[in-house]
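Dropping entry-v9.cif in here (mmCIF, N, CA and C atoms):
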```cif
data_upload
loop_
_atom_site.label_atom_id
_atom_site.label_comp_id
_atom_site.auth_asym_id
_atom_site.auth_seq_id
_atom_site.Cartn_x
_atom_site.Cartn_y
_atom_site.Cartn_z
N MET A 1 -9.63 -8.97 -23.03
CA MET A 1 -9.63 -8.32 -21.72
C MET A 1 -8.20 -8.16 -21.23
N GLU A 2 -7.89 -6.97 -20.77
CA GLU A 2 -6.56 -6.70 -20.21
C GLU A 2 -6.45 -7.31 -18.82
N PRO A 3 -5.27 -7.83 -18.46
CA PRO A 3 -5.11 -8.35 -17.11
C PRO A 3 -5.18 -7.22 -16.08
N VAL A 4 -5.78 -7.50 -14.95
CA VAL A 4 -5.83 -6.56 -13.83
C VAL A 4 -5.43 -7.32 -12.57
N ILE A 5 -4.94 -6.60 -11.59
CA ILE A 5 -4.57 -7.25 -10.33
C ILE A 5 -5.83 -7.76 -9.66
N ASP A 6 -5.86 -9.05 -9.36
CA ASP A 6 -6.99 -9.68 -8.69
C ASP A 6 -6.74 -9.77 -7.20
N HIS A 7 -5.53 -10.19 -6.83
CA HIS A 7 -5.21 -10.33 -5.41
C HIS A 7 -3.70 -10.26 -5.20
N ILE A 8 -3.34 -9.99 -3.98
CA ILE A 8 -1.95 -10.02 -3.52
C ILE A 8 -1.93 -11.00 -2.36
N ASN A 9 -0.94 -11.87 -2.33
CA ASN A 9 -0.83 -12.87 -1.28
C ASN A 9 0.56 -12.73 -0.67
N ARG A 10 0.61 -12.49 0.64
CA ARG A 10 1.92 -12.29 1.26
C ARG A 10 1.95 -12.80 2.69
N TYR A 11 3.16 -13.11 3.13
CA TYR A 11 3.39 -13.49 4.52
C TYR A 11 3.62 -12.23 5.34
N VAL A 12 3.16 -12.25 6.59
CA VAL A 12 3.31 -11.11 7.48
C VAL A 12 3.75 -11.60 8.86
N SER A 13 4.31 -10.71 9.63
CA SER A 13 4.76 -11.08 10.98
C SER A 13 3.59 -11.19 11.95
N SER A 14 2.53 -10.39 11.73
CA SER A 14 1.38 -10.39 12.63
C SER A 14 0.11 -10.16 11.82
N VAL A 15 -0.71 -11.18 11.71
CA VAL A 15 -1.98 -11.04 10.99
C VAL A 15 -2.82 -9.95 11.64
N GLU A 16 -2.88 -9.94 12.96
CA GLU A 16 -3.69 -8.95 13.68
C GLU A 16 -3.28 -7.52 13.35
N GLU A 17 -1.96 -7.23 13.38
CA GLU A 17 -1.49 -5.87 13.09
C GLU A 17 -1.81 -5.47 11.65
N HIS A 18 -1.66 -6.40 10.72
CA HIS A 18 -1.93 -6.08 9.32
C HIS A 18 -3.42 -5.91 9.05
N VAL A 19 -4.26 -6.73 9.67
CA VAL A 19 -5.71 -6.54 9.53
C VAL A 19 -6.07 -5.16 10.04
N SER A 20 -5.56 -4.79 11.19
CA SER A 20 -5.84 -3.48 11.76
C SER A 20 -5.36 -2.37 10.83
N PHE A 21 -4.15 -2.48 10.32
CA PHE A 21 -3.57 -1.47 9.44
C PHE A 21 -4.40 -1.31 8.16
N TYR A 22 -4.65 -2.40 7.46
CA TYR A 22 -5.34 -2.31 6.18
C TYR A 22 -6.81 -1.92 6.30
N THR A 23 -7.46 -2.30 7.39
CA THR A 23 -8.86 -1.88 7.56
C THR A 23 -8.93 -0.41 8.00
N ARG A 24 -8.05 -0.01 8.90
CA ARG A 24 -8.08 1.35 9.44
C ARG A 24 -7.52 2.37 8.46
N VAL A 25 -6.41 2.05 7.83
CA VAL A 25 -5.73 3.02 6.98
C VAL A 25 -6.28 3.04 5.56
N LEU A 26 -6.55 1.87 4.99
CA LEU A 26 -6.93 1.80 3.59
C LEU A 26 -8.38 1.40 3.36
N GLY A 27 -9.12 1.15 4.43
CA GLY A 27 -10.53 0.86 4.29
C GLY A 27 -10.86 -0.52 3.75
N TYR A 28 -9.93 -1.45 3.82
CA TYR A 28 -10.22 -2.82 3.39
C TYR A 28 -11.26 -3.42 4.34
N GLU A 29 -12.00 -4.40 3.83
CA GLU A 29 -12.98 -5.14 4.63
C GLU A 29 -12.44 -6.54 4.90
N LEU A 30 -12.50 -6.95 6.16
CA LEU A 30 -12.10 -8.32 6.52
C LEU A 30 -13.22 -9.25 6.07
N ILE A 31 -12.91 -10.19 5.14
CA ILE A 31 -13.97 -11.08 4.65
C ILE A 31 -13.79 -12.52 5.11
N ASP A 32 -12.60 -12.88 5.60
CA ASP A 32 -12.38 -14.23 6.12
C ASP A 32 -11.16 -14.21 7.01
N ARG A 33 -11.19 -15.07 8.01
CA ARG A 33 -10.06 -15.17 8.94
C ARG A 33 -10.10 -16.55 9.58
N GLY A 34 -8.95 -17.13 9.81
CA GLY A 34 -8.92 -18.45 10.44
C GLY A 34 -7.51 -18.98 10.55
N ASN A 35 -7.43 -20.29 10.63
CA ASN A 35 -6.14 -20.97 10.72
C ASN A 35 -6.05 -21.99 9.59
N LYS A 36 -4.89 -22.01 8.95
CA LYS A 36 -4.64 -22.98 7.89
C LYS A 36 -4.37 -24.35 8.52
N GLY A 37 -4.21 -25.36 7.69
CA GLY A 37 -3.97 -26.72 8.15
C GLY A 37 -2.73 -26.85 9.04
N ASP A 38 -1.74 -25.98 8.81
CA ASP A 38 -0.52 -26.02 9.62
C ASP A 38 -0.66 -25.24 10.93
N GLY A 39 -1.87 -24.69 11.17
CA GLY A 39 -2.12 -23.94 12.40
C GLY A 39 -1.80 -22.46 12.31
N LYS A 40 -1.15 -22.03 11.22
CA LYS A 40 -0.81 -20.61 11.05
C LYS A 40 -2.06 -19.81 10.74
N GLU A 41 -2.12 -18.61 11.30
CA GLU A 41 -3.27 -17.73 11.10
C GLU A 41 -3.24 -17.10 9.71
N TYR A 42 -4.41 -16.86 9.16
CA TYR A 42 -4.52 -16.15 7.89
C TYR A 42 -5.73 -15.21 7.95
N ALA A 43 -5.77 -14.28 7.00
CA ALA A 43 -6.93 -13.40 6.83
C ALA A 43 -7.03 -13.04 5.36
N ILE A 44 -8.24 -12.78 4.93
CA ILE A 44 -8.48 -12.29 3.58
C ILE A 44 -9.23 -10.97 3.71
N LEU A 45 -8.68 -9.94 3.07
CA LEU A 45 -9.28 -8.61 3.10
C LEU A 45 -9.64 -8.22 1.67
N SER A 46 -10.69 -7.43 1.53
CA SER A 46 -11.13 -6.98 0.22
C SER A 46 -11.17 -5.46 0.21
N GLY A 47 -10.60 -4.88 -0.84
CA GLY A 47 -10.62 -3.43 -0.98
C GLY A 47 -9.81 -3.00 -2.18
N CYS A 48 -10.00 -1.78 -2.60
CA CYS A 48 -9.24 -1.21 -3.71
C CYS A 48 -9.29 -2.08 -4.95
N GLU A 49 -10.46 -2.72 -5.17
CA GLU A 49 -10.71 -3.53 -6.36
C GLU A 49 -9.90 -4.83 -6.42
N HIS A 50 -9.39 -5.30 -5.27
CA HIS A 50 -8.69 -6.58 -5.23
C HIS A 50 -8.76 -7.16 -3.82
N GLU A 51 -8.29 -8.39 -3.67
CA GLU A 51 -8.21 -9.02 -2.35
C GLU A 51 -6.76 -9.07 -1.90
N LEU A 52 -6.60 -9.04 -0.60
CA LEU A 52 -5.28 -9.16 0.02
C LEU A 52 -5.34 -10.38 0.94
N PHE A 53 -4.56 -11.38 0.61
CA PHE A 53 -4.46 -12.60 1.41
C PHE A 53 -3.20 -12.47 2.26
N ILE A 54 -3.32 -12.54 3.56
CA ILE A 54 -2.16 -12.47 4.43
C ILE A 54 -2.10 -13.71 5.32
N SER A 55 -0.89 -14.22 5.48
CA SER A 55 -0.68 -15.42 6.27
C SER A 55 0.48 -15.21 7.22
N GLU A 56 0.33 -15.75 8.41
CA GLU A 56 1.38 -15.67 9.42
C GLU A 56 2.63 -16.39 8.91
N ALA A 57 3.76 -15.74 9.04
CA ALA A 57 5.02 -16.31 8.58
C ALA A 57 5.70 -17.10 9.69
N ASP A 58 6.61 -17.95 9.29
CA ASP A 58 7.49 -18.62 10.26
C ASP A 58 8.59 -17.63 10.61
N GLY A 59 8.65 -17.21 11.84
CA GLY A 59 9.70 -16.28 12.26
C GLY A 59 9.41 -14.84 11.87
N SER A 60 10.43 -14.01 11.95
CA SER A 60 10.27 -12.58 11.68
C SER A 60 10.29 -12.32 10.17
N ILE A 61 9.72 -11.19 9.81
CA ILE A 61 9.67 -10.76 8.41
C ILE A 61 10.53 -9.52 8.26
N GLU A 62 11.43 -9.57 7.32
CA GLU A 62 12.21 -8.38 6.99
C GLU A 62 11.52 -7.71 5.80
N PRO A 63 11.59 -6.37 5.73
CA PRO A 63 11.00 -5.71 4.57
C PRO A 63 11.59 -6.30 3.28
N ASP A 64 10.74 -6.51 2.30
CA ASP A 64 11.16 -7.10 1.03
C ASP A 64 11.88 -6.04 0.22
N ARG A 65 13.17 -6.19 0.06
CA ARG A 65 13.97 -5.18 -0.66
C ARG A 65 13.85 -5.33 -2.17
N SER A 66 13.20 -6.39 -2.65
CA SER A 66 12.99 -6.51 -4.09
C SER A 66 11.74 -5.76 -4.53
N LEU A 67 10.91 -5.37 -3.59
CA LEU A 67 9.70 -4.61 -3.87
C LEU A 67 9.89 -3.22 -3.30
N ARG A 68 9.96 -2.21 -4.15
CA ARG A 68 10.20 -0.85 -3.66
C ARG A 68 9.01 -0.34 -2.86
N HIS A 69 7.81 -0.40 -3.44
CA HIS A 69 6.60 -0.04 -2.71
C HIS A 69 5.37 -0.44 -3.50
N ILE A 70 4.24 -0.38 -2.82
CA ILE A 70 2.95 -0.53 -3.47
C ILE A 70 2.34 0.86 -3.52
N GLY A 71 1.82 1.25 -4.67
CA GLY A 71 1.25 2.59 -4.83
C GLY A 71 -0.26 2.56 -4.92
N TYR A 72 -0.90 3.44 -4.15
CA TYR A 72 -2.34 3.61 -4.19
C TYR A 72 -2.63 5.01 -4.73
N ALA A 73 -3.43 5.09 -5.80
CA ALA A 73 -3.84 6.39 -6.34
C ALA A 73 -4.89 6.98 -5.39
N VAL A 74 -4.71 8.25 -5.06
CA VAL A 74 -5.65 8.94 -4.18
C VAL A 74 -6.13 10.22 -4.85
N GLU A 75 -7.30 10.67 -4.43
CA GLU A 75 -7.89 11.87 -5.03
C GLU A 75 -7.16 13.14 -4.58
N ASN A 76 -6.82 13.22 -3.29
CA ASN A 76 -6.19 14.42 -2.76
C ASN A 76 -5.18 14.02 -1.68
N ALA A 77 -3.91 14.01 -2.04
CA ALA A 77 -2.85 13.58 -1.11
C ALA A 77 -2.75 14.51 0.10
N ASP A 78 -2.93 15.81 -0.11
CA ASP A 78 -2.83 16.76 1.01
C ASP A 78 -3.88 16.47 2.08
N VAL A 79 -5.12 16.29 1.64
CA VAL A 79 -6.22 16.04 2.57
C VAL A 79 -6.03 14.71 3.28
N LEU A 80 -5.64 13.67 2.53
CA LEU A 80 -5.45 12.35 3.13
C LEU A 80 -4.32 12.37 4.15
N LEU A 81 -3.20 13.02 3.82
CA LEU A 81 -2.09 13.10 4.76
C LEU A 81 -2.49 13.85 6.03
N ALA A 82 -3.20 14.94 5.89
CA ALA A 82 -3.67 15.69 7.06
C ALA A 82 -4.59 14.81 7.92
N ASP A 83 -5.46 14.06 7.28
CA ASP A 83 -6.36 13.15 7.99
C ASP A 83 -5.57 12.06 8.71
N PHE A 84 -4.59 11.47 8.03
CA PHE A 84 -3.75 10.43 8.66
C PHE A 84 -2.97 10.99 9.85
N LYS A 85 -2.49 12.21 9.74
CA LYS A 85 -1.76 12.83 10.85
C LYS A 85 -2.70 13.08 12.03
N ARG A 86 -3.89 13.57 11.74
CA ARG A 86 -4.88 13.84 12.78
C ARG A 86 -5.26 12.56 13.52
N LYS A 87 -5.34 11.45 12.79
CA LYS A 87 -5.72 10.17 13.39
C LYS A 87 -4.53 9.42 14.00
N GLY A 88 -3.32 9.97 13.86
CA GLY A 88 -2.14 9.32 14.42
C GLY A 88 -1.60 8.19 13.56
N ILE A 89 -2.07 8.08 12.33
CA ILE A 89 -1.60 7.05 11.42
C ILE A 89 -0.25 7.45 10.84
N ALA A 90 -0.08 8.72 10.54
CA ALA A 90 1.18 9.27 10.03
C ALA A 90 1.76 10.21 11.06
N GLY A 91 3.05 10.12 11.27
CA GLY A 91 3.72 11.02 12.21
C GLY A 91 3.98 12.38 11.58
N ARG A 92 4.38 13.31 12.42
CA ARG A 92 4.67 14.67 11.94
C ARG A 92 5.77 14.70 10.89
N GLU A 93 6.68 13.71 10.96
CA GLU A 93 7.82 13.69 10.05
C GLU A 93 7.43 13.32 8.61
N VAL A 94 6.24 12.76 8.42
CA VAL A 94 5.80 12.38 7.08
C VAL A 94 5.43 13.65 6.32
N GLU A 95 6.08 13.84 5.17
CA GLU A 95 5.87 15.05 4.39
C GLU A 95 5.34 14.72 3.01
N LEU A 96 4.63 15.66 2.45
CA LEU A 96 4.15 15.56 1.09
C LEU A 96 5.34 15.78 0.15
N VAL A 97 5.47 14.94 -0.85
CA VAL A 97 6.52 15.06 -1.86
C VAL A 97 5.85 15.56 -3.13
N VAL A 98 6.29 16.71 -3.60
CA VAL A 98 5.71 17.30 -4.80
C VAL A 98 6.70 17.09 -5.95
N LYS A 99 6.23 16.42 -6.99
CA LYS A 99 7.03 16.13 -8.18
C LYS A 99 6.36 16.79 -9.37
N PRO A 100 7.02 16.84 -10.53
CA PRO A 100 6.42 17.51 -11.68
C PRO A 100 5.04 16.99 -12.08
N TYR A 101 4.75 15.70 -11.80
CA TYR A 101 3.51 15.11 -12.26
C TYR A 101 2.64 14.56 -11.13
N SER A 102 3.08 14.75 -9.88
CA SER A 102 2.34 14.11 -8.78
C SER A 102 2.59 14.82 -7.46
N ARG A 103 1.70 14.50 -6.52
CA ARG A 103 1.84 14.89 -5.11
C ARG A 103 1.66 13.58 -4.35
N GLN A 104 2.58 13.25 -3.46
CA GLN A 104 2.50 11.95 -2.82
C GLN A 104 3.20 11.94 -1.47
N PHE A 105 2.89 10.91 -0.70
CA PHE A 105 3.59 10.68 0.56
C PHE A 105 3.69 9.18 0.77
N TYR A 106 4.56 8.82 1.69
CA TYR A 106 4.87 7.42 1.92
C TYR A 106 4.67 7.05 3.38
N LEU A 107 4.12 5.87 3.62
CA LEU A 107 4.02 5.27 4.95
C LEU A 107 4.59 3.86 4.87
N GLU A 108 4.82 3.25 6.02
CA GLU A 108 5.24 1.86 6.07
C GLU A 108 4.15 1.03 6.72
N ASP A 109 3.98 -0.20 6.22
CA ASP A 109 3.05 -1.13 6.86
C ASP A 109 3.72 -1.68 8.12
N PRO A 110 3.04 -2.50 8.91
CA PRO A 110 3.62 -2.98 10.16
C PRO A 110 4.93 -3.77 10.00
N ASP A 111 5.21 -4.32 8.82
CA ASP A 111 6.48 -5.02 8.59
C ASP A 111 7.53 -4.14 7.93
N GLY A 112 7.25 -2.85 7.76
CA GLY A 112 8.24 -1.93 7.22
C GLY A 112 8.24 -1.81 5.71
N ASN A 113 7.26 -2.39 5.03
CA ASN A 113 7.17 -2.23 3.57
C ASN A 113 6.53 -0.89 3.24
N GLU A 114 7.10 -0.21 2.25
CA GLU A 114 6.66 1.13 1.91
C GLU A 114 5.36 1.11 1.09
N ILE A 115 4.48 2.06 1.42
CA ILE A 115 3.24 2.28 0.67
C ILE A 115 3.24 3.73 0.20
N ASP A 116 3.01 3.91 -1.08
CA ASP A 116 2.99 5.22 -1.72
C ASP A 116 1.54 5.63 -1.95
N PHE A 117 1.16 6.80 -1.45
CA PHE A 117 -0.16 7.36 -1.68
C PHE A 117 0.04 8.51 -2.67
N ILE A 118 -0.36 8.29 -3.93
CA ILE A 118 -0.02 9.23 -5.00
C ILE A 118 -1.26 9.87 -5.61
N GLN A 119 -1.19 11.17 -5.71
CA GLN A 119 -2.20 11.96 -6.42
C GLN A 119 -1.55 12.41 -7.72
N TRP A 120 -1.98 11.85 -8.81
CA TRP A 120 -1.42 12.26 -10.10
C TRP A 120 -1.98 13.63 -10.47
N THR A 121 -1.09 14.53 -10.82
CA THR A 121 -1.53 15.85 -11.27
C THR A 121 -1.52 15.92 -12.80
N ASP A 122 -0.73 15.04 -13.43
CA ASP A 122 -0.70 14.97 -14.89
C ASP A 122 -0.09 13.63 -15.32
N LYS A 123 -0.86 12.57 -15.15
CA LYS A 123 -0.35 11.22 -15.44
C LYS A 123 -0.08 11.02 -16.93
N GLU A 124 -0.89 11.60 -17.78
CA GLU A 124 -0.66 11.45 -19.22
C GLU A 124 0.67 12.08 -19.63
N ARG A 125 0.96 13.25 -19.10
CA ARG A 125 2.24 13.90 -19.41
C ARG A 125 3.40 13.07 -18.86
N PHE A 126 3.23 12.52 -17.65
CA PHE A 126 4.24 11.64 -17.06
C PHE A 126 4.52 10.47 -18.00
N ARG A 127 3.46 9.80 -18.46
CA ARG A 127 3.63 8.66 -19.36
C ARG A 127 4.30 9.07 -20.66
N GLY A 128 3.88 10.22 -21.21
CA GLY A 128 4.49 10.70 -22.45
C GLY A 128 5.96 10.99 -22.30
N GLU A 129 6.33 11.65 -21.22
CA GLU A 129 7.75 11.95 -20.96
C GLU A 129 8.55 10.67 -20.74
N ALA A 130 7.96 9.73 -20.02
CA ALA A 130 8.65 8.46 -19.77
C ALA A 130 8.88 7.72 -21.08
N ARG A 131 7.88 7.71 -21.94
CA ARG A 131 8.03 7.03 -23.24
C ARG A 131 9.12 7.68 -24.08
N LYS A 132 9.16 9.03 -24.08
CA LYS A 132 10.17 9.74 -24.85
C LYS A 132 11.58 9.45 -24.35
N LYS A 133 11.73 9.44 -23.02
CA LYS A 133 13.03 9.23 -22.41
C LYS A 133 13.42 7.75 -22.35
N GLY A 134 12.41 6.90 -22.35
CA GLY A 134 12.70 5.48 -22.22
C GLY A 134 13.10 5.11 -20.81
N GLY A 135 12.73 5.95 -19.84
CA GLY A 135 13.09 5.71 -18.44
C GLY A 135 12.19 6.48 -17.52
N ASP A 136 12.61 6.64 -16.28
CA ASP A 136 11.84 7.30 -15.23
C ASP A 136 12.09 8.80 -15.29
N PRO A 137 11.06 9.63 -15.62
CA PRO A 137 11.26 11.07 -15.74
C PRO A 137 11.31 11.80 -14.41
N ARG A 138 11.16 11.09 -13.30
CA ARG A 138 11.15 11.79 -12.01
C ARG A 138 12.51 12.11 -11.63
#
```
Could you write out this file's structure as C-alpha cells?
Amino acid sequence: MEPVIDHINRYVSSVEEHVSFYTRVLGYELIDRGNKGDGKEYAILSGCEHELFISEADGSIEPDRSLRHIGYAVENADVLLADFKRKGIAGREVELVVKPYSRQFYLEDPDGNEIDFIQWTDKERFRGEARKKGGDPR
C-alpha cells in the first residue's frame, strides 16, 4: 500500500477562525472540539480524505515560510473562484493564474498561509515534462 496523507496537525492563532475558514471555504466537518490538558483549545476537522488537527498556539503565529502552500485539486477553478468571490471569501484582487498545465488561484488562511486551488488541465504532461527536465516545468 502506498502512503497517503492521513492528517495534518498544526498550531493556529485562533481555533475559531480556522474552524470557520475550513468548514466554510473547504467544506470540512467539525468532528471534535475541546480543551487539552494545558487548557489550550483544539479542534479536529475531517474533509478532503484526511483530518486536520488544529491547536491554539502560545502567542501569535507567523506564516510558515518553510511551507510554500497546501494545494487542493479542484474540478473547475474558474467556477470555484467566482463562487468564492460571490460569497466574499476571495476579494476582487484574487485572479486566476493560467499555466501550461493548470488553472489555479491562491488564498490565504486566517494565519496568512497560502492555499492553492488547482485545476489540472494536463497533469500527465506536467509530470512527463518535469521528469525530462529534472525540475519544475512551470
Quick one: residues within 5 Å of region 96-106 of chain A, only N, CA and C atoms counted, chain neighbours fewer than 2 positions away excluded, as a PyMOL selection string?
chain A and resi 94+108+115-122
Written file, previous selection with N, CA and C atoms, as a PDB file, in the coordinates of the input:
```pdb
ATOM      1  N   VAL A  94       6.240  12.760   8.420  1.00  0.00           N
ATOM      2  CA  VAL A  94       5.800  12.380   7.080  1.00  0.00           C
ATOM      3  C   VAL A  94       5.430  13.650   6.320  1.00  0.00           C
ATOM      4  N   GLU A 108       4.820   3.250   6.020  1.00  0.00           N
ATOM      5  CA  GLU A 108       5.240   1.860   6.070  1.00  0.00           C
ATOM      6  C   GLU A 108       4.150   1.030   6.720  1.00  0.00           C
ATOM      7  N   ILE A 115       4.480   2.060   1.420  1.00  0.00           N
ATOM      8  CA  ILE A 115       3.240   2.280   0.670  1.00  0.00           C
ATOM      9  C   ILE A 115       3.240   3.730   0.200  1.00  0.00           C
ATOM     10  N   ASP A 116       3.010   3.910  -1.080  1.00  0.00           N
ATOM     11  CA  ASP A 116       2.990   5.220  -1.720  1.00  0.00           C
ATOM     12  C   ASP A 116       1.540   5.630  -1.950  1.00  0.00           C
ATOM     13  N   PHE A 117       1.160   6.800  -1.450  1.00  0.00           N
ATOM     14  CA  PHE A 117      -0.160   7.360  -1.680  1.00  0.00           C
ATOM     15  C   PHE A 117       0.040   8.510  -2.670  1.00  0.00           C
ATOM     16  N   ILE A 118      -0.360   8.290  -3.930  1.00  0.00           N
ATOM     17  CA  ILE A 118      -0.020   9.230  -5.000  1.00  0.00           C
ATOM     18  C   ILE A 118      -1.260   9.870  -5.610  1.00  0.00           C
ATOM     19  N   GLN A 119      -1.190  11.170  -5.710  1.00  0.00           N
ATOM     20  CA  GLN A 119      -2.200  11.960  -6.420  1.00  0.00           C
ATOM     21  C   GLN A 119      -1.550  12.410  -7.720  1.00  0.00           C
ATOM     22  N   TRP A 120      -1.980  11.850  -8.810  1.00  0.00           N
ATOM     23  CA  TRP A 120      -1.420  12.260 -10.100  1.00  0.00           C
ATOM     24  C   TRP A 120      -1.980  13.630 -10.470  1.00  0.00           C
ATOM     25  N   THR A 121      -1.090  14.530 -10.820  1.00  0.00           N
ATOM     26  CA  THR A 121      -1.530  15.850 -11.270  1.00  0.00           C
ATOM     27  C   THR A 121      -1.520  15.920 -12.800  1.00  0.00           C
ATOM     28  N   ASP A 122      -0.730  15.040 -13.430  1.00  0.00           N
ATOM     29  CA  ASP A 122      -0.700  14.970 -14.890  1.00  0.00           C
ATOM     30  C   ASP A 122      -0.090  13.630 -15.320  1.00  0.00           C
TER      31      ASP A 122
END
```
Any idea what the distance is between CA of Glu29 (chain A) and CA of Asn76 (chain A)?
22.0 Å
Restricting the calculation to only C-alpha atoms, which member of A:Lys123, A:Arg24, A:His50, A:Arg131 is positioned closest to Lys87 (chain A)?
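Comparing A:Lys123, A:Arg24, A:His50, A:Arg131 against Lys87 (chain A), the winner is A:Arg24.
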For the strand (DSSP E) assignment from backbone DSSP, which residues of region 33-111 of chain A qualify? Please present them as a tab-separated table (two decimals) with N, CA and C atoms, in the frame of the given file.
```tsv
chain	number	residue	atom	x	y	z
A	33	ARG	N	-11.19	-15.07	8.01
A	33	ARG	CA	-10.06	-15.17	8.94
A	33	ARG	C	-10.10	-16.55	9.58
A	34	GLY	N	-8.95	-17.13	9.81
A	34	GLY	CA	-8.92	-18.45	10.44
A	34	GLY	C	-7.51	-18.98	10.55
A	35	ASN	N	-7.43	-20.29	10.63
A	35	ASN	CA	-6.14	-20.97	10.72
A	35	ASN	C	-6.05	-21.99	9.59
A	41	GLU	N	-2.12	-18.61	11.30
A	41	GLU	CA	-3.27	-17.73	11.10
A	41	GLU	C	-3.24	-17.10	9.71
A	42	TYR	N	-4.41	-16.86	9.16
A	42	TYR	CA	-4.52	-16.15	7.89
A	42	TYR	C	-5.73	-15.21	7.95
A	43	ALA	N	-5.77	-14.28	7.00
A	43	ALA	CA	-6.93	-13.40	6.83
A	43	ALA	C	-7.03	-13.04	5.36
A	44	ILE	N	-8.24	-12.78	4.93
A	44	ILE	CA	-8.48	-12.29	3.58
A	44	ILE	C	-9.23	-10.97	3.71
A	45	LEU	N	-8.68	-9.94	3.07
A	45	LEU	CA	-9.28	-8.61	3.10
A	45	LEU	C	-9.64	-8.22	1.67
A	46	SER	N	-10.69	-7.43	1.53
A	46	SER	CA	-11.13	-6.98	0.22
A	46	SER	C	-11.17	-5.46	0.21
A	47	GLY	N	-10.60	-4.88	-0.84
A	47	GLY	CA	-10.62	-3.43	-0.98
A	47	GLY	C	-9.81	-3.00	-2.18
A	50	HIS	N	-9.39	-5.30	-5.27
A	50	HIS	CA	-8.69	-6.58	-5.23
A	50	HIS	C	-8.76	-7.16	-3.82
A	51	GLU	N	-8.29	-8.39	-3.67
A	51	GLU	CA	-8.21	-9.02	-2.35
A	51	GLU	C	-6.76	-9.07	-1.90
A	52	LEU	N	-6.60	-9.04	-0.60
A	52	LEU	CA	-5.28	-9.16	0.02
A	52	LEU	C	-5.34	-10.38	0.94
A	53	PHE	N	-4.56	-11.38	0.61
A	53	PHE	CA	-4.46	-12.60	1.41
A	53	PHE	C	-3.20	-12.47	2.26
A	54	ILE	N	-3.32	-12.54	3.56
A	54	ILE	CA	-2.16	-12.47	4.43
A	54	ILE	C	-2.10	-13.71	5.32
A	55	SER	N	-0.89	-14.22	5.48
A	55	SER	CA	-0.68	-15.42	6.27
A	55	SER	C	0.48	-15.21	7.22
A	56	GLU	N	0.33	-15.75	8.41
A	56	GLU	CA	1.38	-15.67	9.42
A	56	GLU	C	2.63	-16.39	8.91
A	70	ILE	N	4.24	-0.38	-2.82
A	70	ILE	CA	2.95	-0.53	-3.47
A	70	ILE	C	2.34	0.86	-3.52
A	71	GLY	N	1.82	1.25	-4.67
A	71	GLY	CA	1.25	2.59	-4.83
A	71	GLY	C	-0.26	2.56	-4.92
A	72	TYR	N	-0.90	3.44	-4.15
A	72	TYR	CA	-2.34	3.61	-4.19
A	72	TYR	C	-2.63	5.01	-4.73
A	73	ALA	N	-3.43	5.09	-5.80
A	73	ALA	CA	-3.84	6.39	-6.34
A	73	ALA	C	-4.89	6.98	-5.39
A	97	VAL	N	5.47	14.94	-0.85
A	97	VAL	CA	6.52	15.06	-1.86
A	97	VAL	C	5.85	15.56	-3.13
A	98	VAL	N	6.29	16.71	-3.60
A	98	VAL	CA	5.71	17.30	-4.80
A	98	VAL	C	6.70	17.09	-5.95
A	99	LYS	N	6.23	16.42	-6.99
A	99	LYS	CA	7.03	16.13	-8.18
A	99	LYS	C	6.36	16.79	-9.37
A	102	SER	N	3.08	14.75	-9.88
A	102	SER	CA	2.34	14.11	-8.78
A	102	SER	C	2.59	14.82	-7.46
A	103	ARG	N	1.70	14.50	-6.52
A	103	ARG	CA	1.84	14.89	-5.11
A	103	ARG	C	1.66	13.58	-4.35
A	104	GLN	N	2.58	13.25	-3.46
A	104	GLN	CA	2.50	11.95	-2.82
A	104	GLN	C	3.20	11.94	-1.47
A	105	PHE	N	2.89	10.91	-0.70
A	105	PHE	CA	3.59	10.68	0.56
A	105	PHE	C	3.69	9.18	0.77
A	106	TYR	N	4.56	8.82	1.69
A	106	TYR	CA	4.87	7.42	1.92
A	106	TYR	C	4.67	7.05	3.38
A	107	LEU	N	4.12	5.87	3.62
A	107	LEU	CA	4.02	5.27	4.95
A	107	LEU	C	4.59	3.86	4.87
A	108	GLU	N	4.82	3.25	6.02
A	108	GLU	CA	5.24	1.86	6.07
A	108	GLU	C	4.15	1.03	6.72
```
Answer key for the PyMOL selection byres (((chain A and resi 19 and name CA) around 9) and name CA), residues as a count of residues only
17
Please provide the set of residues having any atom within 8 Å of Ser13 (chain A), restricted to only C-alpha atoms, with same-chain residues fewer than 4 positions apart removed, written as a list in words.
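The neighbour list is Glu56, Ala57, Gly59, Ser60, Ile61 and Asp111 of chain A.
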List as a PDB file with N, CA and C atoms, in the coordinates of the input: which residues have an atom within 5 Å of (-5.4, -11.0, -1.4), counting all atoms listed in the file?
```pdb
ATOM      1  N   HIS A   7      -5.530 -10.190  -6.830  1.00  0.00           N
ATOM      2  CA  HIS A   7      -5.210 -10.330  -5.410  1.00  0.00           C
ATOM      3  C   HIS A   7      -3.700 -10.260  -5.200  1.00  0.00           C
ATOM      4  N   ILE A   8      -3.340  -9.990  -3.980  1.00  0.00           N
ATOM      5  CA  ILE A   8      -1.950 -10.020  -3.520  1.00  0.00           C
ATOM      6  C   ILE A   8      -1.930 -11.000  -2.360  1.00  0.00           C
ATOM      7  N   ASN A   9      -0.940 -11.870  -2.330  1.00  0.00           N
ATOM      8  CA  ASN A   9      -0.830 -12.870  -1.280  1.00  0.00           C
ATOM      9  C   ASN A   9       0.560 -12.730  -0.670  1.00  0.00           C
ATOM     10  N   GLU A  51      -8.290  -8.390  -3.670  1.00  0.00           N
ATOM     11  CA  GLU A  51      -8.210  -9.020  -2.350  1.00  0.00           C
ATOM     12  C   GLU A  51      -6.760  -9.070  -1.900  1.00  0.00           C
ATOM     13  N   LEU A  52      -6.600  -9.040  -0.600  1.00  0.00           N
ATOM     14  CA  LEU A  52      -5.280  -9.160   0.020  1.00  0.00           C
ATOM     15  C   LEU A  52      -5.340 -10.380   0.940  1.00  0.00           C
ATOM     16  N   PHE A  53      -4.560 -11.380   0.610  1.00  0.00           N
ATOM     17  CA  PHE A  53      -4.460 -12.600   1.410  1.00  0.00           C
ATOM     18  C   PHE A  53      -3.200 -12.470   2.260  1.00  0.00           C
TER      19      PHE A  53
END
```
Pick the closest to Tyr11 (chain A) from A:Gly91, A:Arg86, A:His69, A:Asn113: which is it, counting only C-alpha atoms?
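With only C-alpha atoms as the atom set, the closest residue is A:Asn113.
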Would you please work out which residue, of A:Glu49, A:Val25, A:Asp58, A:Gly112, is nearest to Ile5 (chain A) when using only N, CA and C atoms?
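Using only N, CA and C atoms, the shortest distance to Ile5 (chain A) belongs to A:Glu49.
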